[in-house]
file model27.tsv (TSV, C-alpha atoms and all ligand atoms)
chain	number	residue	atom	x	y	z
V	878	MET	CA	9.21	63.38	49.08
V	879	LYS	CA	9.94	65.83	46.22
V	880	SER	CA	9.55	64.54	42.60
V	881	PHE	CA	12.02	65.18	39.75
V	882	LYS	CA	11.83	64.49	36.02
V	883	PRO	CA	13.86	61.50	34.82
V	884	ASN	CA	17.60	62.28	35.01
V	885	PRO	CA	20.84	60.29	34.65
V	886	TRP	CA	21.14	60.22	38.41
V	887	LEU	CA	22.11	56.64	39.10
V	888	VAL	CA	24.58	57.21	41.94
V	889	PRO	CA	27.42	57.14	42.66
V	890	GLN	CA	28.98	57.00	39.19
V	891	PRO	CA	32.54	55.93	38.44
V	892	VAL	CA	35.25	58.24	37.15
V	893	LEU	CA	36.56	56.08	34.31
V	894	ILE	CA	39.53	57.12	32.22
V	895	ILE	CA	39.66	55.50	28.78
V	896	GLY	CA	43.15	55.36	27.25
V	897	THR	CA	43.65	54.90	23.51
V	898	TYR	CA	46.31	55.41	20.82
V	899	SER	CA	45.63	57.28	17.58
V	900	LYS	CA	46.63	55.66	14.29
V	901	ASP	CA	49.92	57.63	14.61
V	902	GLY	CA	50.53	56.27	18.10
V	903	ILE	CA	49.62	59.46	20.00
V	904	PRO	CA	48.20	58.57	23.44
V	905	ASN	CA	44.85	60.01	24.43
V	906	ALA	CA	42.52	59.82	27.42
V	907	MET	CA	38.90	60.74	28.10
V	908	ASN	CA	36.72	60.75	31.19
V	909	ALA	CA	33.54	58.64	31.23
V	910	ALA	CA	30.96	58.28	33.96
V	911	TRP	CA	28.35	56.22	32.11
V	912	GLY	CA	29.96	52.84	32.31
V	913	GLY	CA	29.81	49.64	34.27
V	914	GLN	CA	30.46	45.95	34.47
V	915	TRP	CA	28.81	43.77	31.80
V	916	ASP	CA	29.18	40.10	32.65
V	917	MET	CA	32.27	38.59	34.32
V	918	ASN	CA	34.92	39.78	31.85
V	919	GLN	CA	33.30	42.69	30.01
V	920	VAL	CA	32.56	46.37	30.55
V	921	VAL	CA	30.04	48.63	28.82
V	922	ILE	CA	30.45	52.38	28.31
V	923	SER	CA	28.07	54.86	26.69
V	924	LEU	CA	30.18	56.89	24.26
V	925	GLY	CA	29.57	60.03	22.25
V	926	VAL	CA	31.77	60.86	19.26
V	927	HIS	CA	35.30	61.75	20.34
V	928	GLN	CA	38.99	61.41	19.48
V	929	THR	CA	38.67	58.28	21.60
V	930	THR	CA	36.08	56.74	19.25
V	931	ASP	CA	38.28	57.64	16.25
V	932	ASN	CA	41.12	55.82	18.00
V	933	LEU	CA	38.96	52.82	18.92
V	934	ALA	CA	38.01	52.48	15.25
V	935	GLU	CA	41.71	52.23	14.40
V	936	LYS	CA	43.07	50.08	17.22
V	937	SER	CA	40.07	48.20	18.70
V	938	ALA	CA	41.82	48.36	22.08
V	939	PHE	CA	41.80	50.56	25.17
V	940	THR	CA	42.78	50.78	28.79
V	941	LEU	CA	40.23	51.58	31.46
V	942	THR	CA	41.41	53.04	34.73
V	943	PHE	CA	39.81	54.60	37.79
V	944	ALA	CA	40.49	58.19	38.84
V	945	THR	CA	42.01	58.98	42.22
V	946	GLU	CA	42.27	62.02	44.43
V	947	LYS	CA	45.75	62.75	43.04
V	948	THR	CA	44.67	62.39	39.39
V	949	MET	CA	41.36	64.29	39.80
V	950	VAL	CA	42.35	67.62	38.19
V	951	ALA	CA	43.83	66.02	35.08
V	952	SER	CA	41.00	63.48	34.95
V	953	ASP	CA	38.52	66.34	34.78
V	954	TYR	CA	40.69	68.07	32.17
V	955	VAL	CA	40.69	65.04	29.85
V	956	GLY	CA	36.88	65.10	30.13
V	957	MET	CA	36.67	68.68	28.86
V	958	GLU	CA	39.37	68.86	26.18
V	959	SER	CA	39.40	66.79	23.02
V	960	GLY	CA	42.44	65.18	21.47
V	961	ARG	CA	40.83	66.29	18.20
V	962	LYS	CA	41.73	69.88	19.14
V	963	VAL	CA	44.78	69.50	21.39
V	964	ALA	CA	47.35	67.03	20.09
V	965	ASN	CA	49.44	67.11	23.30
V	966	LYS	CA	46.47	66.57	25.62
V	967	ILE	CA	48.26	63.86	27.60
V	968	GLU	CA	51.44	65.94	28.02
V	969	ARG	CA	49.31	68.52	29.86
V	970	THR	CA	48.16	65.93	32.38
V	971	GLY	CA	51.73	65.17	33.44
V	972	TRP	CA	50.84	61.47	33.58
V	973	LYS	CA	53.56	58.89	33.01
V	974	VAL	CA	52.61	56.86	29.95
V	975	GLU	CA	53.88	53.59	28.56
V	976	LYS	CA	52.39	51.01	26.23
V	977	ALA	CA	50.12	48.55	28.02
V	978	PRO	CA	51.68	45.06	27.96
V	979	ASN	CA	48.76	43.15	26.44
V	980	VAL	CA	46.80	45.60	24.27
V	981	ASP	CA	47.69	48.38	21.83
V	982	ALA	CA	46.72	51.19	24.19
V	983	PRO	CA	48.50	53.50	26.65
V	984	LEU	CA	48.97	52.59	30.31
V	985	PHE	CA	48.82	55.61	32.62
V	986	LYS	CA	51.17	54.72	35.47
V	987	ASP	CA	49.75	57.30	37.91
V	988	PHE	CA	46.62	55.16	38.38
V	989	PRO	CA	46.66	52.12	40.70
V	990	LEU	CA	44.22	49.82	38.88
V	991	THR	CA	43.87	49.38	35.11
V	992	PHE	CA	41.90	47.05	32.86
V	993	GLU	CA	43.44	46.17	29.51
V	994	CYS	CA	40.52	45.80	27.08
V	995	ARG	CA	39.68	44.90	23.51
V	996	VAL	CA	36.62	46.20	21.67
V	997	LYS	CA	34.11	43.37	21.59
V	998	ARG	CA	30.88	45.00	20.34
V	999	LYS	CA	29.44	48.38	19.45
V	1000	ILE	CA	25.72	48.56	20.21
V	1001	ASP	CA	23.27	51.04	18.62
V	1002	GLU	CA	26.03	52.78	16.64
V	1003	SER	CA	24.87	56.10	15.11
V	1004	ASP	CA	26.22	59.56	14.26
V	1005	THR	CA	26.07	60.45	17.95
V	1006	GLY	CA	27.96	57.47	19.36
V	1007	TYR	CA	27.39	53.95	20.62
V	1008	TYR	CA	27.52	51.64	23.61
V	1009	LEU	CA	30.98	50.13	23.73
V	1010	VAL	CA	31.31	46.60	25.06
V	1011	GLY	CA	34.91	45.87	25.94
V	1012	GLU	CA	36.43	42.53	26.83
V	1013	ILE	CA	38.78	42.70	29.79
V	1014	VAL	CA	41.89	40.77	28.73
V	1015	ASN	CA	44.04	41.58	31.75
V	1016	ILE	CA	44.00	43.64	34.97
V	1017	LEU	CA	47.06	45.47	36.28
V	1018	CYS	CA	47.40	46.69	39.87
V	1019	ASP	CA	50.13	48.72	41.52
V	1020	GLU	CA	51.97	46.41	43.94
V	1021	ALA	CA	51.62	49.08	46.66
V	1022	CYS	CA	47.83	48.71	46.50
V	1023	LEU	CA	47.53	45.00	47.19
V	1024	ASP	CA	46.10	43.43	50.36
V	1025	ALA	CA	47.68	40.66	52.44
V	1026	GLU	CA	46.27	38.01	50.07
V	1027	GLY	CA	47.74	39.79	47.04
V	1028	ASN	CA	44.41	41.14	45.70
V	1029	PRO	CA	43.75	44.79	44.79
V	1030	ASP	CA	42.84	46.73	47.94
V	1031	LEU	CA	40.51	49.66	47.16
V	1032	SER	CA	41.15	51.18	50.58
V	1033	LYS	CA	44.74	51.92	49.45
V	1034	MET	CA	43.81	53.65	46.18
V	1035	ASP	CA	42.14	56.96	47.12
V	1036	LEU	CA	39.53	56.41	44.39
V	1037	ILE	CA	36.95	59.07	43.60
V	1038	ALA	CA	33.33	58.83	42.43
V	1039	PHE	CA	31.24	61.22	40.30
V	1040	ASP	CA	28.11	62.88	41.63
V	1041	PRO	CA	25.97	63.47	38.51
V	1042	ILE	CA	23.47	65.63	40.41
V	1043	GLY	CA	25.77	68.27	41.93
V	1044	HIS	CA	28.59	67.60	39.41
V	1045	HIS	CA	31.15	66.92	42.11
V	1046	TYR	CA	33.95	64.42	42.50
V	1047	MET	CA	33.76	62.70	45.87
V	1048	LYS	CA	36.31	60.57	47.69
V	1049	LEU	CA	35.34	57.01	48.55
V	1050	GLY	CA	35.11	56.59	52.30
V	1051	ASP	CA	35.85	54.03	54.97
V	1052	ILE	CA	35.01	50.33	54.88
V	1053	LEU	CA	31.75	49.92	56.80
V	1054	GLY	CA	31.12	46.20	56.62
V	1055	LYS	CA	31.80	42.95	54.79
V	1056	ALA	CA	29.44	42.30	51.84
V	1057	PHE	CA	27.65	38.94	51.61
V	1058	SER	CA	28.30	38.68	55.35
V	1059	ILE	CA	27.14	41.63	57.49
V	1060	GLY	CA	23.49	40.97	56.55
V	1061	LEU	CA	23.62	37.36	57.66
V	1062	GLN	CA	22.72	38.50	61.18
V	1063	LEU	CA	19.16	39.15	59.92
V	1064	LYS	CA	18.74	35.79	58.17
K	1	LIG	C1	32.68	63.86	34.64
K	1	LIG	C2	32.65	63.58	33.15
K	1	LIG	C3	31.98	62.45	32.70
K	1	LIG	C4	31.91	62.17	31.32
K	1	LIG	N1	31.27	61.04	30.91
K	1	LIG	C5	31.22	60.75	29.59
K	1	LIG	C6	30.60	59.53	29.15
K	1	LIG	O1	30.14	58.70	29.95
K	1	LIG	N2	30.54	59.30	27.80
K	1	LIG	C7	31.06	60.18	26.89
K	1	LIG	O2	30.99	59.92	25.68
K	1	LIG	N3	31.68	61.34	27.29
K	1	LIG	C8	31.78	61.63	28.61
K	1	LIG	N4	32.43	62.77	29.01
K	1	LIG	C9	32.95	63.71	28.02
K	1	LIG	C10	34.31	63.30	27.40
K	1	LIG	O3	35.24	62.90	28.39
K	1	LIG	C11	34.85	64.52	26.61
K	1	LIG	O4	33.99	64.81	25.53
K	1	LIG	C12	36.30	64.39	26.16
K	1	LIG	O5	36.76	65.67	25.82
K	1	LIG	C13	36.52	63.46	24.97
K	1	LIG	O6	37.88	63.45	24.71
K	1	LIG	P1	38.53	62.99	23.31
K	1	LIG	O7	37.80	63.73	22.19
K	1	LIG	O8	39.99	63.40	23.42
K	1	LIG	O9	38.36	61.51	23.21
K	1	LIG	C14	32.53	63.05	30.39
K	1	LIG	C15	33.23	64.18	30.86
K	1	LIG	C16	33.29	64.43	32.23
K	1	LIG	C17	34.05	65.64	32.73
call {"tool": "encode", "arguments": {"input": "model27.tsv", "output": "structure tokens"}}
result
Amino acid sequence: MKSFKPNPWLVPQPVLIIGTYSKDGIPNAMNAAWGGQWDMNQVVISLGVHQTTDNLAEKSAFTLTFATEKTMVASDYVGMESGRKVANKIERTGWKVEKAPNVDAPLFKDFPLTFECRVKRKIDESDTGYYLVGEIVNILCDEACLDAEGNPDLSKMDLIAFDPIGHHYMKLGDILGKAFSIGLQLK
């Protein structure tokens, strides 16, 4: 086994897109990999200082969506360009935008699954950012990406993951087995 110094290499990481409105109602999006589920109805995301954090301070609301193969190029773009510098950042993505139904944040219609969230807590806030805890108030899923029971079906979404070691986006693969079930054969 080869040893490495500590690195942010928890893998795979999500490709989260955070959608916010500025105080003037201009939609913005940023890419975030350092986020995850926090309790049943909350998410946590490690944030630097961005146009997004300016917007969160104004609106206390955001959408959180999951990048797909089709949205990969623009998802990477919104992770490299700041709305602080480029006012029409979202126009460049080509994404269809409308107001989310339950929070004051933009809904990007090109993505199959979106959480509508409100800012719940900011942890360890400093000049360099904070850990955002968001309360999920509603989840929206494209009707075309539902399974037979009417639940979101990840196998229909072409989601991508982030490889923080090689800095690649990777496509999620095939279903291999049923969780909380396949291991029962060893019990
Ligand atoms: C793959 C990837 C992952 C990123 N993850 C994070 C993250 O977890 N937290 C963060 O604050 N910025 C992250 N960024 C950087 C922001 O997306 C970037 O600074 C963006 O330009 C901010 O946009 P804004 O100023 O318009 O809000 C990531 C960027 C990329 C490309």
call {"tool": "residues_near_ligand", "arguments": {"input": "model27.tsv", "ligand": "ligand LIG 1 (chain K)", "cutoff": "7 Å", "atoms": "only C-alpha atoms and all ligand atoms", "output": "list in words"}}
result
Val892, Asn905, Ala906, Met907, Asn908, Ala909, Ala910, Trp911, Gly912, Ile922, Ser923, Leu924, Gly925, Val926, His927, Gln928, Thr929, Thr930, Asp953, Val955, Gly956, Met957, Glu958, Ser959, Gly960, Arg961 and Phe1039 of chain V
call {"tool": "residues_around", "arguments": {"input": "model27.tsv", "residues": "Ala977 (chain V)", "least_positions_apart": "6", "cutoff": "8 Å", "atoms": "all atoms listed in the file", "output": "JSON, numbers by chain"}}
result
{"V": [940, 983, 984, 993]}
call {"tool": "residues_near_point", "arguments": {"input": "model27.tsv", "point": "(21.6, 66.5, 42.3)", "cutoff": "12 Å", "atoms": "all atoms listed in the file", "output": "VMD selection string"}}
result
chain V and resid 881 to 889 1039 to 1045
call {"tool": "atom_distance", "arguments": {"input": "model27.tsv", "atom1": "CA of Asn932 (chain V)", "atom2": "CA of Tyr898 (chain V)"}}
result
5.9 Å
call {"tool": "atom_distance", "arguments": {"input": "model27.tsv", "atom1": "CA of Leu941 (chain V)", "atom2": "CA of Gln914 (chain V)"}}
result
11.7 Å
call {"tool": "closest_residue", "arguments": {"input": "model27.tsv", "among": "V:Arg969, V:Gly913, V:Phe985, V:Lys879", "to": "Thr897 (chain V)", "atoms": "only C-alpha atoms"}}
result
V:Phe985
call {"tool": "closest_residue", "arguments": {"input": "model27.tsv", "among": "V:Leu1061, V:Leu1049, V:Ile967, V:Val920", "to": "Ile1037 (chain V)", "atoms": "all atoms listed in the file"}}
result
V:Leu1049
call {"tool": "residues_around", "arguments": {"input": "model27.tsv", "residues": "Gly971 (chain V)", "least_positions_apart": "6", "cutoff": "10 Å", "atoms": "only C-alpha atoms", "output": "PyMOL selection string"}}
result
chain V and resi 948+951+987
call {"tool": "write_last_selection", "arguments": {"input": "model27.tsv", "atoms": "C-alpha atoms", "output": "short mmCIF file (atom, residue, chain, number, x, y, z; two decimals), keeping the file's coordinate frame"}}
result
data_model
loop_
_atom_site.label_atom_id
_atom_site.label_comp_id
_atom_site.auth_asym_id
_atom_site.auth_seq_id
_atom_site.Cartn_x
_atom_site.Cartn_y
_atom_site.Cartn_z
CA THR V 948 44.67 62.39 39.39
CA ALA V 951 43.83 66.02 35.08
CA ASP V 987 49.75 57.30 37.91
#
call {"tool": "atom_distance", "arguments": {"input": "model27.tsv", "atom1": "CA of Lys1048 (chain V)", "atom2": "CA of Val950 (chain V)"}}
result
13.3 Å
call {"tool": "residues_around", "arguments": {"input": "model27.tsv", "residues": "Phe939 (chain V)", "least_positions_apart": "3", "cutoff": "7 Å", "atoms": "all atoms listed in the file", "output": "MDAnalysis selection string"}}
result
chainID V and resid 895:897 982 993:995
call {"tool": "closest_residue", "arguments": {"input": "model27.tsv", "among": "V:Ala938, V:Leu893, V:Ile903, V:Leu933", "to": "Gly1006 (chain V)", "atoms": "all atoms listed in the file"}}
result
V:Leu933
call {"tool": "residues_near_point", "arguments": {"input": "model27.tsv", "point": "(42.0, 45.3, 47.0)", "cutoff": "12 Å", "atoms": "all atoms listed in the file", "output": "ChimeraX atom specification"}}
result
/V:989-990,1017-1036,1052
call {"tool": "closest_residue", "arguments": {"input": "model27.tsv", "among": "V:Gln919, V:Gln890, V:Ser937, V:Ser880", "to": "Glu1012 (chain V)", "atoms": "all atoms listed in the file"}}
result
V:Gln919
call {"tool": "residues_around", "arguments": {"input": "model27.tsv", "residues": "Ile1000 (chain V)", "least_positions_apart": "5", "cutoff": "8 Å", "atoms": "all atoms listed in the file", "output": "mmCIF file with C-alpha atoms, in the frame of the given file"}}
result
data_model
loop_
_atom_site.group_PDB
_atom_site.id
_atom_site.type_symbol
_atom_site.label_atom_id
_atom_site.label_comp_id
_atom_site.auth_asym_id
_atom_site.auth_seq_id
_atom_site.Cartn_x
_atom_site.Cartn_y
_atom_site.Cartn_z
ATOM 1 C CA TYR V 1007 27.390 53.950 20.620
ATOM 2 C CA TYR V 1008 27.520 51.640 23.610
ATOM 3 C CA LEU V 1009 30.980 50.130 23.730
ATOM 4 C CA VAL V 1010 31.310 46.600 25.060
#
call {"tool": "build_atoms", "arguments": {"input": "model27.tsv", "residues": "region 951-975 of chain V", "atoms": "N, CA and C atoms", "output": "CSV table (one decimal), in the frame of the given file"}}
result
chain,number,residue,atom,x,y,z
V,951,ALA,N,43.6,66.4,36.5
V,951,ALA,CA,43.8,66.0,35.1
V,951,ALA,C,42.7,65.1,34.5
V,952,SER,N,42.1,64.3,35.4
V,952,SER,CA,41.0,63.5,35.0
V,952,SER,C,39.8,64.3,34.5
V,953,ASP,N,39.6,65.4,35.2
V,953,ASP,CA,38.5,66.3,34.8
V,953,ASP,C,38.9,67.0,33.5
V,954,TYR,N,40.2,67.4,33.4
V,954,TYR,CA,40.7,68.1,32.2
V,954,TYR,C,40.5,67.2,30.9
V,955,VAL,N,40.8,65.9,31.0
V,955,VAL,CA,40.7,65.0,29.8
V,955,VAL,C,39.2,64.8,29.5
V,956,GLY,N,38.3,65.2,30.4
V,956,GLY,CA,36.9,65.1,30.1
V,956,GLY,C,36.3,66.4,29.5
V,957,MET,N,37.2,67.4,29.4
V,957,MET,CA,36.7,68.7,28.9
V,957,MET,C,37.4,69.1,27.6
V,958,GLU,N,38.5,68.5,27.3
V,958,GLU,CA,39.4,68.9,26.2
V,958,GLU,C,39.4,67.7,25.3
V,959,SER,N,39.3,67.9,24.0
V,959,SER,CA,39.4,66.8,23.0
V,959,SER,C,40.8,66.7,22.4
V,960,GLY,N,41.2,65.4,22.2
V,960,GLY,CA,42.4,65.2,21.5
V,960,GLY,C,42.3,65.6,20.0
V,961,ARG,N,41.1,65.8,19.6
V,961,ARG,CA,40.8,66.3,18.2
V,961,ARG,C,41.3,67.7,18.1
V,962,LYS,N,41.3,68.5,19.2
V,962,LYS,CA,41.7,69.9,19.1
V,962,LYS,C,43.1,70.1,19.7
V,963,VAL,N,43.5,69.3,20.7
V,963,VAL,CA,44.8,69.5,21.4
V,963,VAL,C,45.6,68.2,21.3
V,964,ALA,N,46.6,68.3,20.4
V,964,ALA,CA,47.4,67.0,20.1
V,964,ALA,C,48.1,66.6,21.3
V,965,ASN,N,48.6,67.5,22.1
V,965,ASN,CA,49.4,67.1,23.3
V,965,ASN,C,48.6,67.1,24.6
V,966,LYS,N,47.4,66.6,24.5
V,966,LYS,CA,46.5,66.6,25.6
V,966,LYS,C,47.1,65.8,26.8
V,967,ILE,N,47.7,64.7,26.5
V,967,ILE,CA,48.3,63.9,27.6
V,967,ILE,C,49.5,64.5,28.2
V,968,GLU,N,50.3,65.2,27.4
V,968,GLU,CA,51.4,65.9,28.0
V,968,GLU,C,51.0,66.9,29.1
V,969,ARG,N,49.8,67.5,28.9
V,969,ARG,CA,49.3,68.5,29.9
V,969,ARG,C,48.9,67.9,31.2
V,970,THR,N,48.6,66.6,31.1
V,970,THR,CA,48.2,65.9,32.4
V,970,THR,C,49.4,65.7,33.3
V,971,GLY,N,50.5,65.5,32.7
V,971,GLY,CA,51.7,65.2,33.4
V,971,GLY,C,51.8,63.7,33.8
V,972,TRP,N,50.9,62.9,33.3
V,972,TRP,CA,50.8,61.5,33.6
V,972,TRP,C,52.0,60.7,32.9
V,973,LYS,N,52.5,59.7,33.6
V,973,LYS,CA,53.6,58.9,33.0
V,973,LYS,C,52.9,57.8,32.1
V,974,VAL,N,53.3,57.7,30.9
V,974,VAL,CA,52.6,56.9,30.0
V,974,VAL,C,53.6,55.8,29.4
V,975,GLU,N,53.1,54.6,29.3
V,975,GLU,CA,53.9,53.6,28.6
V,975,GLU,C,52.9,52.7,27.9
